[in-house]
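Engineer: Take this structure, written in structure tokens, and hold onto it; I'll ask about it next.
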Amino acid sequence: MDFGDDVMDGSDGQHRKKRYHRHTPRQIQQLEAMFKECPHPDENQRMQLSRELGLEPRQIKFWFQNRRTQMKAQHERQDNCFLRAENDKIRCENIAMREALRNVICPTCGGPPVADDYFDEQKLRMENARLKEELDRVSSLTSKYLGRPFTQLPPVQPLSMSSSLDLSVGGLGSPALGPSLDLDLLSGGSSGYHHPAFHLPTAVSEMERPMMAEMATRAMDELIRMAQAGEQLWARTGGPDGREVLNVDTYDSIFSKPGSSFRGPDVHVEGSRDSGLVFMSAIGLVDMFMDSSKWMEFFPTIVSNARTIDVLVNGMAGRSESLVLMYEELHVMSPVVPTRELCFLRYCRQIEHGLWAIADVSVDLQPRDARFGAPPQPPRSCCRLPSGCLIADMANGYSKVTWVEHMEVEDRVPIHLLYRDLILSGAAFGAHRWLAALQRACERCACLATAGMPPRDIAGVTPEGNRSMMKLSQRMVSGFCASLSASQLHRWTTLSGPNDVGVRVMVHRSTDPGQPSGVVLSAATSIWLPVPCDRVFAFICDENTRSQWDVLSHGNPVQEVSRIPNGSHPGNCISLLRGLNASQNSMLILQESCTDASGSLVVYAPIDIPAANVVMSGEDPSAIPLLPSGFTILPDGRPGASPSSSSSAGPLGSPPAGSLVTVAFQILVSSLPSSKLNAESVATVNSLISTTVEQIKAALNCASH
């Protein structure tokens, strides 16, 4: 039981059930403040607290009893830690004295003293026998796991991250691309949910709950002050969009924390703020923020993975005063940019009628094993300082959202040159990108709710068919975005390619019902084009120019069979395309294109005509297998240029602003999950991406870049 709970004791009757009451973070904060001043409040003090906090006097009494008990246990643990440290100190001194005895010089002859090596030899023999027994046990377990005998191999040099691909051809590895490895050991694993690279606690301990409640309350207060602050704290950038960025020196002076001004040379601060109208009610937004599944569904282009670790406070009606511990993984959808992993508290509070606040702040929790002797994990490479948003209900179903994003990031791995400007400017994970993605997601939800309001479209699709197609397309986009993650457990192998990035490939077994069953090869590359984002997006999503870049269309045109708008921008739509050649009469192409101020996305997947008929009739599309490919288009982040500017020239003769385009394909190598990848499949997908890149550059008149 934690300090946010109180229970009825046994004096009220052994047959009465225990009633649990969880306090809000604000109540816990005030109780903690009183406990620091007076751990043993008298009856008058308990009555006063009862009136101020809206709790019964007996609840106050039980809370203080529990708190004193916990403090006593904490002091005992501290004493144990002190004794353990003293024990370690004595052990170290013992080792030092043994070492000194080994170096004793005989006073008679000046040589080493005569020692009895018999006991040392016996100790080594016993240790050797123990290690051999342990090795046999591990080998037996490994054999059971692999389903075949495990051969103990001599030590080998560790493989680099770029050589983890199985390229067996007739049982032999491709010498140009590294040795052959079992599919079980491939970093891609499976196509489903992958676990975080660092171990997370399954729940928050009782000792940590009051500390986290206080941390969340402080983060909420700081967020509200930052969201409402003026020009002293926020400065506008000189670009055409005039984004607000944090004045770090002013922040450090206003919100001074121990050690906050002492940052390492590899640490940079990202702070930004943006506000705008969103077509969703405040209650709907709050529900989305507090649900990790909906959170990941709303932001597939930013959040590659999310889960709720523990619910610390359920909150009242409408989720007010809710407090949860969450994990998320953020990505830029490029194989060359590592993901950011965050473990953070999310606290929701209704400030007044129609005004809500959501506050996030990172927490650094060691797993349970680390607390009982296991080596601690290294500190995270990024830390979310108090961030979040204010949500104000407006008229006609709209909400005004003020988003604040604040991070400290340690660059342990050099940022790839292509994405360096975008990431160091803070735009890659800044408030502007979050808010633009939220606006686009809310528009899509509104279109899904009203899908098919006209009787039928040009293909005769019913309203139910439109909704079914939108759900299928949403799953396609989510799967595509997840396939581009570059996490520690989602690693890519680099091949030669059309630029210094090269083509990155990864293989995994597909077992999800929404994907074809078998071995899937993913391949991607990222390029820079001296062309504005809106021009690249218009070229790729236009069915009239598709034959100029789509290698698989063999130069044949395509025709739009059905079109469903899913946003205010004309380019935000879902299309059903048909190739105008005899060899592809049995296949259609499902495509979704979407764009906003932060970037664009074009995703497509082949779908056969029977499956398309199932979707257009309004049936459940969850069993239809899709293997999506597509493009992501982001501004290059160079200062002084607008990402959507129609002019490619930069200011004052600076390099032209352009686009960062990631091209990604997924192909089914074999329908047999036990099969292995061969070099021919890798060569095919490598050629496919290289040719696509060359044709896009030629069509946009930038073949020399």
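Ligands are numbered from 1 in the order shown, chains are lettered A, B, ... in the order of the structure tokens, and residues start at 1 in each chain.
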Fewer than 6 positions away in the same chain doesn't count, so skip those; otherwise give me all residues within 10 Å of region 462-477 of chain A, counting only C-alpha atoms, as a ChimeraX atom specification.
Structural biologist: /A:297,300-301,444-445,447-456,483,514-515,562-566,573-576,590-593,601-605,612-630
Engineer: Between A:Ala203, A:Val267, A:Ile90, A:Ala427, which has the minimum distance to Pro639 (chain A) (counting only C-alpha atoms)?
Structural biologist: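 Of all the options, A:Ala427 lies closest to Pro639 (chain A).
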Engineer: Check region 415-567 of chain A with DSSP on the backbone and list each residue it calls strand (DSSP E), as a PyMOL selection string.
Structural biologist: chain A and resi 493-495+503-510+518-529+558-565
Engineer: Which is closest to Leu529 (chain A) among A:Asn701, A:Asn678, A:Ser292, A:Gln27, if we use only C-alpha atoms?
Structural biologist: A:Asn701
